[in-house]
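Participant: Pasting in a structure now, in structure tokens, and then I'll have a few things to ask.
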Amino acid sequence: MKVFNRIFLGQNSSQQSYKKSKKWIWILSSLIIIISVMILVPFVPVFDVTTEEKTIQRELEYIVYESYVNQGGNLERGALVNVIVVMKNVDDVGGNFTVIHTISEDNGLTREGVTNKYMAPDATKTFIYTFDINLGQNVLGNYTIIPPIITDNQLITIEENRYVTFFEYMLNYA
């Protein structure tokens, strides 16, 4: 007796619905993964340029042309020493400059005198302070300049390369 194995080309309906539901589960899980990546993972490069105003304090710029000590005297005051500083304000803003004139005497003593002058932009001024000294005494002159401090507002540009999520890109850059 011959036994024939039968092969059915069609499948029963429960197997077909199981395969269809499996197909939809794969599609839904793929969509969930893709949407999650788009929401959570930054992968879109963007170039941001922002500007902000920043307040800084700075000293006015100046140039000292010359400085020297001039010894002399007169009958009324006796022996004198002038510490002279000639300088120019090279900044585009004017201000009150202070010069501290210092002499060091040969006996080891040090004395200071202060002069203040307003200097307009590009102005040149001579600062002189006169010290009384003993006749025949040797001195060494020195100076310190204290320029005015002003407040400037500067516009600072900040350039930044960064990555954003696809949805953030669509919301803010598209």
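Here, A, B, ... name the chains of the structure tokens in the order displayed, residue numbers run from 1 inside each chain, and ligands are numbered from 1 in the same displayed order.
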Could you give me, as CSV, a per-residue list for range 78-174 of chain A showing, wherever an atom lies at most 7 Å from an atom of range 31-43 of chain A, the closest pair of atoms and their distance in Å to one decimal, using only C-alpha atoms and sorting by chain then residue number from low to high?

Facilitator:
residue,atom,partner,partner_atom,distance
A:Tyr163,CA,A:Pro42,CA,5.3
A:Val164,CA,A:Pro42,CA,4.3
A:Thr165,CA,A:Pro42,CA,3.9
A:Phe166,CA,A:Met38,CA,5.3
A:Phe167,CA,A:Ile39,CA,6.1

Participant: Got time to write the residues from that selection, N, CA and C atoms, as a compact mmCIF listing (two decimals), in the first residue's frame?

Facilitator:
# COMPACT_ATOMS: atom_id res chain seq x y z
N TYR A 163 25.67 69.32 18.69
CA TYR A 163 24.71 68.38 18.11
C TYR A 163 23.39 68.48 18.86
N VAL A 164 22.30 68.40 18.09
CA VAL A 164 20.96 68.45 18.68
C VAL A 164 20.16 67.27 18.15
N THR A 165 19.07 66.99 18.85
CA THR A 165 18.18 65.92 18.37
C THR A 165 17.43 66.39 17.14
N PHE A 166 16.87 65.44 16.41
CA PHE A 166 16.15 65.79 15.20
C PHE A 166 14.95 66.69 15.49
N PHE A 167 14.22 66.38 16.55
CA PHE A 167 13.05 67.20 16.89
C PHE A 167 13.45 68.60 17.34

Participant: What are the DSSP strand (DSSP E) residues of range 4-171 of chain A, as a PyMOL selection string?

Facilitator: chain A and resi 44-59+62-74+78-89+95-105+110-119+124-132+139-146+149-164

Participant: Quick one: distance from CA of His101 in chain A to CA of Asp122 in chain A in Å, one decimal?

Facilitator: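 Separation between CA of His101 in chain A and CA of Asp122 in chain A: 22.7 Å.
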
Participant: CA of Val64 in chain A to CA of Thr126 in chain A: how many Å, to one decimal?

Facilitator: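 Pair CA of Val64 in chain A / CA of Thr126 in chain A returns 9.9 Å.
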
Participant: I want to know what sits within 10 Å of Phe131 in chain A, based on only C-alpha atoms, with residues of the same chain fewer than 4 positions away left out; could you give that as a ChimeraX atom specification?

Facilitator: /A:71,77,79-83,101-103,111-113
